[in-house]
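K.L.:
The file below is entry.csv, CSV, C-alpha atoms:
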```csv
chain,number,residue,atom,x,y,z
H,252,MET,CA,114.4,116.2,120.1
H,253,SER,CA,114.1,114.5,116.7
H,254,ASP,CA,116.7,114.8,113.9
H,255,THR,CA,114.1,116.2,111.6
H,256,PHE,CA,112.2,118.9,113.5
H,257,ALA,CA,112.9,121.4,116.2
H,258,THR,CA,110.3,123.3,118.3
H,259,ASP,CA,110.4,127.1,118.7
H,260,SER,CA,109.6,127.5,122.4
H,261,ALA,CA,108.2,131.0,121.9
H,262,SER,CA,105.8,130.2,119.1
H,263,LYS,CA,105.4,126.5,119.7
H,264,SER,CA,105.6,126.0,116.0
H,265,VAL,CA,107.5,123.2,114.4
H,266,ARG,CA,110.1,124.1,111.7
H,267,PRO,CA,112.2,121.9,109.5
H,268,MET,CA,115.8,121.5,110.5
H,269,PRO,CA,118.5,122.4,107.9
H,270,PRO,CA,119.6,119.4,105.8
H,271,SER,CA,122.4,117.4,107.2
H,272,LYS,CA,125.9,117.4,105.8
H,273,ALA,CA,125.3,113.9,104.4
H,274,ALA,CA,122.2,115.0,102.6
H,275,ILE,CA,123.9,118.0,101.1
H,276,THR,CA,126.8,115.9,99.9
H,277,ARG,CA,124.5,113.3,98.4
H,278,SER,CA,122.4,116.0,96.7
H,279,ALA,CA,125.6,117.6,95.2
H,280,ILE,CA,126.7,114.3,93.7
H,281,LEU,CA,123.3,113.7,92.2
H,282,ASP,CA,123.2,117.3,90.8
H,283,ALA,CA,126.6,116.8,89.3
H,284,GLY,CA,125.4,113.6,87.6
H,285,SER,CA,122.3,115.5,86.2
H,286,VAL,CA,124.6,118.2,84.7
H,287,PHE,CA,126.9,115.6,83.2
H,288,LEU,CA,124.0,113.8,81.5
H,289,GLU,CA,122.8,117.0,79.9
H,290,THR,CA,125.6,116.8,77.3
H,291,ARG,CA,127.1,113.3,77.5
H,292,PRO,CA,125.7,109.7,77.6
H,293,PHE,CA,125.8,107.2,80.4
H,294,ARG,CA,128.5,105.2,78.7
H,295,ASP,CA,130.9,108.2,79.2
H,296,LEU,CA,130.1,108.5,82.9
H,297,THR,CA,132.8,107.3,85.4
H,298,VAL,CA,133.0,107.7,89.2
H,299,GLY,CA,136.3,109.5,88.9
H,300,GLY,CA,135.1,111.9,86.2
H,301,LEU,CA,131.9,112.6,88.1
H,302,MET,CA,133.5,113.3,91.4
H,303,ALA,CA,136.1,115.5,89.7
H,304,THR,CA,133.3,118.0,89.0
H,305,THR,CA,132.5,118.2,92.7
H,306,GLU,CA,134.4,119.2,95.8
H,307,TYR,CA,134.4,115.7,97.1
H,308,SER,CA,136.8,112.8,96.7
H,309,ARG,CA,136.2,109.6,94.7
H,310,PRO,CA,135.7,107.4,97.8
H,311,THR,CA,132.9,109.7,98.9
H,312,PHE,CA,130.8,108.5,96.0
H,313,TYR,CA,130.7,105.0,97.6
H,314,LEU,CA,129.4,106.3,100.9
H,315,TYR,CA,126.1,107.0,99.1
H,316,PHE,CA,125.9,104.7,96.0
H,317,ASN,CA,127.1,101.1,95.3
H,318,ASP,CA,128.0,101.8,91.7
H,319,LEU,CA,127.1,103.9,88.7
H,320,HIS,CA,124.0,101.8,88.0
H,321,GLY,CA,122.7,102.4,91.5
H,322,PHE,CA,123.5,106.0,91.0
H,323,MET,CA,121.4,106.2,87.9
H,324,GLU,CA,118.6,104.3,89.5
H,325,THR,CA,118.5,106.9,92.3
H,326,LEU,CA,118.3,109.7,89.8
H,327,LEU,CA,115.4,108.0,88.1
H,328,ASP,CA,113.7,107.3,91.4
H,329,GLU,CA,113.8,111.0,92.2
H,330,VAL,CA,112.2,111.8,88.9
H,331,LYS,CA,109.5,109.3,89.7
H,332,VAL,CA,108.8,110.8,93.1
H,333,GLY,CA,108.2,114.2,91.4
H,334,ILE,CA,105.8,112.7,88.9
H,335,VAL,CA,103.8,110.6,91.3
H,336,GLU,CA,103.5,113.5,93.8
H,337,GLY,CA,101.9,115.7,91.1
H,338,ALA,CA,99.7,112.9,89.9
H,339,ARG,CA,98.4,111.9,93.3
H,340,ALA,CA,95.0,113.6,93.0
H,341,TRP,CA,94.2,112.0,89.7
H,342,LEU,CA,95.6,108.6,90.6
H,343,SER,CA,93.7,108.5,93.9
H,344,ASN,CA,90.5,109.6,92.2
H,345,GLU,CA,90.2,112.8,94.1
H,346,GLY,CA,87.9,115.5,92.7
H,347,ASP,CA,87.2,116.2,89.0
H,348,ALA,CA,88.6,113.6,86.7
H,349,VAL,CA,89.6,115.9,83.8
H,350,GLY,CA,90.9,118.6,86.2
H,351,GLY,CA,93.0,116.0,88.0
H,352,LEU,CA,94.4,114.6,84.8
H,353,ARG,CA,95.3,118.1,83.6
H,354,GLN,CA,97.2,118.7,86.9
H,355,SER,CA,98.9,115.3,86.6
H,356,LEU,CA,100.1,115.8,83.0
H,357,THR,CA,101.2,119.4,83.8
H,358,THR,CA,103.4,118.1,86.6
H,359,LEU,CA,104.7,115.3,84.3
H,360,VAL,CA,105.8,117.9,81.7
H,361,ASP,CA,107.3,120.2,84.3
H,362,VAL,CA,109.4,117.3,85.8
H,363,ALA,CA,110.4,116.0,82.4
H,364,HIS,CA,111.4,119.5,81.3
H,365,GLN,CA,113.8,119.7,84.3
H,366,HIS,CA,115.1,116.1,84.2
H,367,GLY,CA,114.7,115.1,80.5
H,368,PRO,CA,118.4,114.2,80.2
H,369,ILE,CA,118.1,111.6,82.9
H,370,LEU,CA,115.2,110.0,81.1
H,371,LYS,CA,117.1,110.1,77.8
H,372,ALA,CA,120.3,108.7,79.4
H,373,VAL,CA,118.6,105.6,80.9
H,374,ALA,CA,116.4,105.0,77.8
H,375,ASP,CA,119.3,105.3,75.4
H,376,ALA,CA,121.5,103.0,77.5
H,377,ALA,CA,118.9,100.4,78.3
H,378,PRO,CA,119.0,98.4,75.0
H,379,GLY,CA,122.6,97.6,75.5
H,380,ASP,CA,122.7,97.3,79.3
H,381,ALA,CA,120.6,94.6,80.9
H,382,ARG,CA,120.6,96.2,84.3
H,383,LEU,CA,119.5,99.6,83.1
H,384,GLU,CA,116.9,97.9,80.8
H,385,ARG,CA,115.4,96.4,83.9
H,386,VAL,CA,115.5,99.7,85.7
H,387,TRP,CA,113.8,101.5,82.8
H,388,GLU,CA,111.1,98.8,82.4
H,389,MET,CA,110.4,98.9,86.1
H,390,PHE,CA,110.1,102.7,86.0
H,391,LEU,CA,107.6,102.6,83.1
H,392,GLY,CA,105.8,99.6,84.5
H,393,SER,CA,105.2,101.2,87.9
H,394,PHE,CA,103.1,103.9,86.1
H,395,ASP,CA,101.3,101.2,83.9
H,396,GLU,CA,99.7,99.6,87.0
H,397,VAL,CA,98.4,102.8,88.6
H,398,VAL,CA,97.1,104.3,85.4
H,399,SER,CA,95.4,101.1,84.5
H,400,ALA,CA,93.7,101.0,87.9
H,401,ARG,CA,92.5,104.6,87.5
H,402,ILE,CA,91.1,103.8,84.0
H,403,ALA,CA,89.2,100.9,85.5
H,404,GLN,CA,87.7,103.1,88.1
H,405,ASP,CA,86.6,105.6,85.5
H,406,GLN,CA,85.1,102.8,83.3
H,407,ALA,CA,83.1,101.6,86.3
H,408,ALA,CA,81.8,105.2,86.8
H,409,GLY,CA,80.8,105.5,83.1
H,410,LEU,CA,83.4,108.2,82.4
H,411,THR,CA,85.6,106.1,80.1
H,412,PRO,CA,84.7,103.7,77.3
H,413,ASP,CA,85.0,100.0,77.8
H,414,PHE,CA,88.4,98.6,76.7
H,415,GLU,CA,91.2,96.6,78.3
H,416,PRO,CA,92.9,99.1,80.7
H,417,LEU,CA,96.4,97.8,81.0
H,418,PRO,CA,97.5,97.8,77.3
H,419,VAL,CA,96.1,101.3,76.9
H,420,ALA,CA,97.9,102.5,80.0
H,421,ARG,CA,101.1,101.1,78.6
H,422,ALA,CA,100.6,102.8,75.2
H,423,LEU,CA,99.8,106.2,76.9
H,424,ASN,CA,102.8,106.0,79.2
H,425,ARG,CA,105.3,105.0,76.5
H,426,MET,CA,103.9,107.7,74.2
H,427,ASP,CA,104.6,110.2,77.0
H,428,ALA,CA,108.1,108.8,77.6
H,429,GLY,CA,109.1,109.0,73.9
H,430,MET,CA,107.7,112.4,73.4
H,431,LEU,CA,109.1,113.9,76.6
H,432,ILE,CA,112.6,112.5,75.9
H,433,GLN,CA,112.5,113.9,72.3
H,434,ALA,CA,111.3,117.3,73.6
H,435,PHE,CA,113.4,117.7,76.7
H,436,GLY,CA,116.2,115.1,76.5
H,437,SER,CA,118.9,117.2,74.9
H,438,GLY,CA,119.7,120.3,73.0
H,439,GLU,CA,117.2,123.1,72.7
H,440,LYS,CA,114.1,122.1,74.6
H,441,ALA,CA,110.6,122.3,73.0
H,442,PRO,CA,108.0,124.7,74.5
H,443,LYS,CA,106.3,123.1,77.5
H,444,ASP,CA,102.9,124.4,76.6
H,445,VAL,CA,103.1,122.8,73.1
H,446,VAL,CA,104.2,119.4,74.5
H,447,LEU,CA,101.5,119.5,77.2
H,448,SER,CA,98.8,120.4,74.7
H,449,ALA,CA,99.7,117.4,72.5
H,450,ILE,CA,99.9,114.9,75.3
H,451,MET,CA,96.7,116.2,76.9
H,452,ARG,CA,94.7,115.9,73.7
H,453,VAL,CA,95.7,112.2,73.3
H,454,TRP,CA,94.9,111.4,76.9
H,455,LEU,CA,91.6,113.2,76.9
H,456,SER,CA,90.5,111.8,73.6
H,457,THR,CA,91.3,108.3,74.8
H,458,LEU,CA,90.0,108.4,78.4
H,459,TYR,CA,87.3,111.0,78.4
H,460,PRO,CA,85.9,111.2,74.8
H,461,PHE,CA,82.4,111.9,76.0
H,462,ASP,CA,83.5,115.4,76.9
H,463,ALA,CA,86.7,115.6,75.0
H,464,ALA,CA,85.8,118.6,72.8
H,465,ALA,CA,85.0,120.8,75.7
H,466,SER,CA,87.9,119.6,77.7
H,467,ILE,CA,90.4,120.1,74.9
H,468,GLU,CA,89.2,123.7,74.5
H,469,GLN,CA,90.4,124.4,78.0
H,470,ILE,CA,94.0,123.2,77.4
H,471,GLY,CA,96.4,126.1,78.1
H,472,ARG,CA,93.9,128.2,79.9
```
Go ahead and express the file in the form of structure tokens.
P.N.:
Amino acid sequence: MSDTFATDSASKSVRPMPPSKAAITRSAILDAGSVFLETRPFRDLTVGGLMATTEYSRPTFYLYFNDLHGFMETLLDEVKVGIVEGARAWLSNEGDAVGGLRQSLTTLVDVAHQHGPILKAVADAAPGDARLERVWEMFLGSFDEVVSARIAQDQAAGLTPDFEPLPVARALNRMDAGMLIQAFGSGEKAPKDVVLSAIMRVWLSTLYPFDAAASIEQIGR
């Protein structure tokens, strides 16, 4: 029997096994970090202070993370996974382009609304921290490549005007990052629907201007 699944002999169905103790511990530490970053910057984060907010000892941290930078990178990776999963249909060119983009950006806003403090913590610390600067640029850059590829596909299909895809992808992604951090990074969060509407208008007008008016009218429906 695998570690991940168990088979119910009566129904022959496969059901997920409960998470392991290690997975629960790791998740609890990551959750504690997320809570910390809601009110304080990365520069104030220490392993001792973080673990004091959990039921685990300081050495437990090092069973799962090499250091605080690795910890922050893990938090950012989990944010990335959520965004990519929601954008999969649009990025892989499945179905309607505008509908796929709407789904992708809706997920982006949902994930940022939940994890905005993590994005803000890394972005704020990056200018004075070479390692976090690399992590942040790699995070943004990973979206630049896939968005650029999708733009090129839409240009080939006649859906998107002819321009150099990569610089525009970079501009759109950094616009998103700046707006999402401002809206959800700290304090009172902006309404998700307002943020989504603004971002959607810019993306639609840039990528699908041939049908932008009709598409924009559907925002929020």
K.L.:
Using only C-alpha atoms, find all polymer residues with an atom at most 10 Å away from the point (123.1, 113.1, 92.9); report them as a list of chain:residue names.
P.N.:
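With a cut-off of 10 Å, the residues come to H:Ala274, H:Ile275, H:Thr276, H:Arg277, H:Ser278, H:Ala279, H:Ile280, H:Leu281, H:Asp282, H:Ala283, H:Gly284, H:Ser285, H:Val286, H:Phe312, H:Tyr315, H:Phe316, H:Phe322, H:Met323, H:Thr325, H:Leu326, H:Glu329.
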K.L.:
Please list as an MDAnalysis selection string every residue within 8 Å of stretch 391-395 of chain H, counting all atoms listed in the file and excluding residues in the same chain fewer than 2 positions away.
P.N.:
chainID H and resid 387:389 397:399 417 420:421 424:425
K.L.:
Can you pull out every residue within 9 Å of stretch 445-460 of chain H, counting all atoms listed in the file, but drop anything in the same chain fewer than 4 positions away, and send it as a list in words?
P.N.:
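In the requested format, the answer is Ala348, Val349, Leu352, Arg353, Leu356, Thr357, Leu359, Val360, Ile402, Asp405, Gln406, Leu410, Thr411, Pro412, Val419, Leu423, Met426, Asp427, Met430, Leu431, Ala434, Ala441, Ala464, Ser466, Ile467, Ile470 and Gly471 of chain H.
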K.L.:
Between atom CA of H:Ala340 and atom CA of H:Thr358, measure the distance and give it in Å to one decimal.
P.N.:
11.5 Å
K.L.:
Could you jot down the atom CA of H:Trp341 to atom CA of H:His366 separation for me, Å, one decimal place?
P.N.:
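Atom CA of H:His366 lies 22.0 Å from atom CA of H:Trp341.
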K.L.:
What is the atom CA of H:Glu345 to atom CA of H:Pro416 distance in Å?
P.N.:
19.4 Å
K.L.:
For H:Ala400, which residue out of H:Leu342, H:Val335, H:Met302, H:Ala273 is the nearest one, using all atoms listed in the file?
P.N.:
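Comparing H:Leu342, H:Val335, H:Met302, H:Ala273 against H:Ala400, the winner is H:Leu342.
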K.L.:
Have a look at H:Pro418, H:Gly379, H:Pro310, H:Gly367 and name the one nearest to H:Lys440; count only C-alpha atoms.
P.N.:
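Once distances to H:Lys440 are computed over only C-alpha atoms, the minimum belongs to H:Gly367.
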K.L.:
Could you complete stretch 413-433 of chain H so that it carries N, CA, C and O atoms, and give it back as a PDB file, in the frame of the given file?
P.N.:
```pdb
ATOM      1  N   ASP H 413      84.622 101.325  77.386  1.00  0.00           N
ATOM      2  CA  ASP H 413      85.000 100.000  77.800  1.00  0.00           C
ATOM      3  C   ASP H 413      86.117  99.451  76.879  1.00  0.00           C
ATOM      4  O   ASP H 413      85.905  99.277  75.681  1.00  0.00           O
ATOM      5  N   PHE H 414      87.302  99.231  77.434  1.00  0.00           N
ATOM      6  CA  PHE H 414      88.400  98.600  76.700  1.00  0.00           C
ATOM      7  C   PHE H 414      89.319  97.983  77.784  1.00  0.00           C
ATOM      8  O   PHE H 414      89.154  98.239  78.979  1.00  0.00           O
ATOM      9  N   GLU H 415      90.287  97.185  77.363  1.00  0.00           N
ATOM     10  CA  GLU H 415      91.200  96.600  78.300  1.00  0.00           C
ATOM     11  C   GLU H 415      92.155  97.661  78.831  1.00  0.00           C
ATOM     12  O   GLU H 415      92.937  98.240  78.067  1.00  0.00           O
ATOM     13  N   PRO H 416      92.139  97.960  80.138  1.00  0.00           N
ATOM     14  CA  PRO H 416      92.900  99.100  80.700  1.00  0.00           C
ATOM     15  C   PRO H 416      94.391  99.042  80.537  1.00  0.00           C
ATOM     16  O   PRO H 416      95.032 100.031  80.174  1.00  0.00           O
ATOM     17  N   LEU H 417      94.976  97.887  80.857  1.00  0.00           N
ATOM     18  CA  LEU H 417      96.400  97.800  81.000  1.00  0.00           C
ATOM     19  C   LEU H 417      97.156  98.096  79.651  1.00  0.00           C
ATOM     20  O   LEU H 417      98.114  98.882  79.632  1.00  0.00           O
ATOM     21  N   PRO H 418      96.754  97.491  78.521  1.00  0.00           N
ATOM     22  CA  PRO H 418      97.500  97.800  77.300  1.00  0.00           C
ATOM     23  C   PRO H 418      97.361  99.286  76.890  1.00  0.00           C
ATOM     24  O   PRO H 418      98.323  99.855  76.347  1.00  0.00           O
ATOM     25  N   VAL H 419      96.221  99.896  77.163  1.00  0.00           N
ATOM     26  CA  VAL H 419      96.100 101.300  76.900  1.00  0.00           C
ATOM     27  C   VAL H 419      96.937 102.167  77.777  1.00  0.00           C
ATOM     28  O   VAL H 419      97.562 103.144  77.344  1.00  0.00           O
ATOM     29  N   ALA H 420      97.001 101.798  79.045  1.00  0.00           N
ATOM     30  CA  ALA H 420      97.900 102.500  80.000  1.00  0.00           C
ATOM     31  C   ALA H 420      99.328 102.423  79.510  1.00  0.00           C
ATOM     32  O   ALA H 420     100.064 103.426  79.533  1.00  0.00           O
ATOM     33  N   ARG H 421      99.735 101.251  79.071  1.00  0.00           N
ATOM     34  CA  ARG H 421     101.100 101.100  78.600  1.00  0.00           C
ATOM     35  C   ARG H 421     101.348 101.967  77.351  1.00  0.00           C
ATOM     36  O   ARG H 421     102.398 102.609  77.231  1.00  0.00           O
ATOM     37  N   ALA H 422     100.389 101.997  76.446  1.00  0.00           N
ATOM     38  CA  ALA H 422     100.600 102.800  75.200  1.00  0.00           C
ATOM     39  C   ALA H 422     100.658 104.291  75.586  1.00  0.00           C
ATOM     40  O   ALA H 422     101.516 105.008  75.047  1.00  0.00           O
ATOM     41  N   LEU H 423      99.812 104.771  76.469  1.00  0.00           N
ATOM     42  CA  LEU H 423      99.800 106.200  76.900  1.00  0.00           C
ATOM     43  C   LEU H 423     101.157 106.534  77.552  1.00  0.00           C
ATOM     44  O   LEU H 423     101.770 107.577  77.265  1.00  0.00           O
ATOM     45  N   ASN H 424     101.596 105.686  78.453  1.00  0.00           N
ATOM     46  CA  ASN H 424     102.800 106.000  79.200  1.00  0.00           C
ATOM     47  C   ASN H 424     104.054 105.962  78.288  1.00  0.00           C
ATOM     48  O   ASN H 424     104.963 106.787  78.451  1.00  0.00           O
ATOM     49  N   ARG H 425     104.096 105.046  77.355  1.00  0.00           N
ATOM     50  CA  ARG H 425     105.300 105.000  76.500  1.00  0.00           C
ATOM     51  C   ARG H 425     105.212 106.099  75.412  1.00  0.00           C
ATOM     52  O   ARG H 425     106.274 106.575  74.971  1.00  0.00           O
ATOM     53  N   MET H 426     104.022 106.522  75.046  1.00  0.00           N
ATOM     54  CA  MET H 426     103.900 107.700  74.200  1.00  0.00           C
ATOM     55  C   MET H 426     104.493 108.917  74.947  1.00  0.00           C
ATOM     56  O   MET H 426     105.278 109.694  74.394  1.00  0.00           O
ATOM     57  N   ASP H 427     104.101 109.063  76.208  1.00  0.00           N
ATOM     58  CA  ASP H 427     104.600 110.200  77.000  1.00  0.00           C
ATOM     59  C   ASP H 427     106.142 110.115  77.084  1.00  0.00           C
ATOM     60  O   ASP H 427     106.821 111.121  76.866  1.00  0.00           O
ATOM     61  N   ALA H 428     106.675 108.940  77.410  1.00  0.00           N
ATOM     62  CA  ALA H 428     108.100 108.800  77.600  1.00  0.00           C
ATOM     63  C   ALA H 428     108.855 109.196  76.296  1.00  0.00           C
ATOM     64  O   ALA H 428     109.822 109.973  76.328  1.00  0.00           O
ATOM     65  N   GLY H 429     108.397 108.670  75.162  1.00  0.00           N
ATOM     66  CA  GLY H 429     109.100 109.000  73.900  1.00  0.00           C
ATOM     67  C   GLY H 429     108.991 110.445  73.555  1.00  0.00           C
ATOM     68  O   GLY H 429     109.994 111.040  73.130  1.00  0.00           O
ATOM     69  N   MET H 430     107.827 111.041  73.737  1.00  0.00           N
ATOM     70  CA  MET H 430     107.700 112.400  73.400  1.00  0.00           C
ATOM     71  C   MET H 430     108.461 113.357  74.318  1.00  0.00           C
ATOM     72  O   MET H 430     109.088 114.330  73.887  1.00  0.00           O
ATOM     73  N   LEU H 431     108.438 113.056  75.611  1.00  0.00           N
ATOM     74  CA  LEU H 431     109.100 113.900  76.600  1.00  0.00           C
ATOM     75  C   LEU H 431     110.653 113.806  76.413  1.00  0.00           C
ATOM     76  O   LEU H 431     111.359 114.805  76.565  1.00  0.00           O
ATOM     77  N   ILE H 432     111.149 112.623  76.097  1.00  0.00           N
ATOM     78  CA  ILE H 432     112.600 112.500  75.900  1.00  0.00           C
ATOM     79  C   ILE H 432     112.987 113.247  74.595  1.00  0.00           C
ATOM     80  O   ILE H 432     114.011 113.941  74.572  1.00  0.00           O
ATOM     81  N   GLN H 433     112.157 113.149  73.551  1.00  0.00           N
ATOM     82  CA  GLN H 433     112.500 113.900  72.300  1.00  0.00           C
ATOM     83  C   GLN H 433     112.411 115.387  72.546  1.00  0.00           C
ATOM     84  O   GLN H 433     113.232 116.141  72.021  1.00  0.00           O
TER      85      GLN H 433
END
```
